[in-house]
Amino acid sequence: MPIKPEVKDAMKKLGFSDYNITIYETLLREKELDARLLSQKTQVPYSRVYEILNEMIEKGYIIKLDGRPSTYVPKSPIDVLQGIQQQNEREFSVNSAIVKEPLMSFFSETRSAQTAQITITYGKATNIVHVKNLIRGAVRSLSLLVTDYDLLFPDIMDELKLLKLKHVSPQFILARKYEKSKEVAALQDTGDFKFMGTPPTNMVIADEQNVLIVAAGDYVKNLSEDMVGVSMSHASTGFITKLIFKNLWDNL
């Protein structure tokens, strides 16, 4: 069964060329081939096949096995996709660091006001989904301030544990009553922890772009909903929240 057109289109958006797709698909089917056979099976000109194979090795799509002749095998699609994601994140980090200050200097000179979207989410189920999505989308950092461990953590444990695989080390500020708890001890290798008397709401969670404030329990006792969330997605709100969190963290 050939690769569907929509899959090819998605692969191109991820950085594959037409020749890359043809060669990778063929190797996935055939498992291991030398350059001459690859050229024959894919119709990639033999005069170009080594150039394209070397490019695919550099991109992390395939592996060369030395021999007479040398052969080529495909990397696992999961490994390939993770490699692409990591490369994109590295490039974004480097390039954003270069452009952010110069562009913000122009923006600061001309801006007078700006609107940012605020979303209100009602009910525990909806807010748990929102919290999970924010955790999954974290790239470089994540800050969480939480009052009631039992109310939220059991539902987001799996997402928090996956952050380590993405090299994201979250910082947690929890209510002091959880400082010696077994639940927090089980999370120690997930991130860094500090504790305070009474955090101002059930949860504040923020990365560099998104902020979500969740209130439940006594915080919403006069409302009909069991949980209410207020979320904002803007670089400025992310920056301000992270700054507040850092100041709080540094003083604990």
# chains A, B, ... in the order shown; residues from 1 in each chain; ligands from 1
call {"tool": "select_by_dssp", "arguments": {"residues": "stretch 68-228 of chain A", "states": "helix (DSSP H, G or I)", "output": "PyMOL selection string"}}
result
chain A and resi 77-110+124-137+149-166+176-178+182-185+217-220
call {"tool": "residues_around", "arguments": {"residues": "A:Met157", "least_positions_apart": "6", "cutoff": "12 Å", "atoms": "only C-alpha atoms", "output": "list in words"}}
result
Ile128, Val131, Lys132, Ile135, Arg136, Tyr149, Asp150, Leu151, Leu163, Glu183, Val184, Ala186, Leu187 and Thr190 of chain A
call {"tool": "closest_residue", "arguments": {"among": "A:Gly238, A:Pro45, A:Gly229, A:Gly15", "to": "A:Thr119", "atoms": "only C-alpha atoms"}}
result
A:Gly229
call {"tool": "select_by_dssp", "arguments": {"residues": "stretch 74-136 of chain A", "states": "strand (DSSP E)", "output": "NGL selection string"}}
result
:A and (74 or 118-122)
call {"tool": "residues_around", "arguments": {"residues": "stretch 193-199 of chain A", "least_positions_apart": "4", "cutoff": "8 Å", "atoms": "only C-alpha atoms", "output": "list in words"}}
result
Leu145, Val146, Thr147, Gln171, Phe172, Ile173, Leu174, Ala175, Arg176, Lys177, Tyr178, Glu179, Gln188, Trp249 and Leu252 of chain A
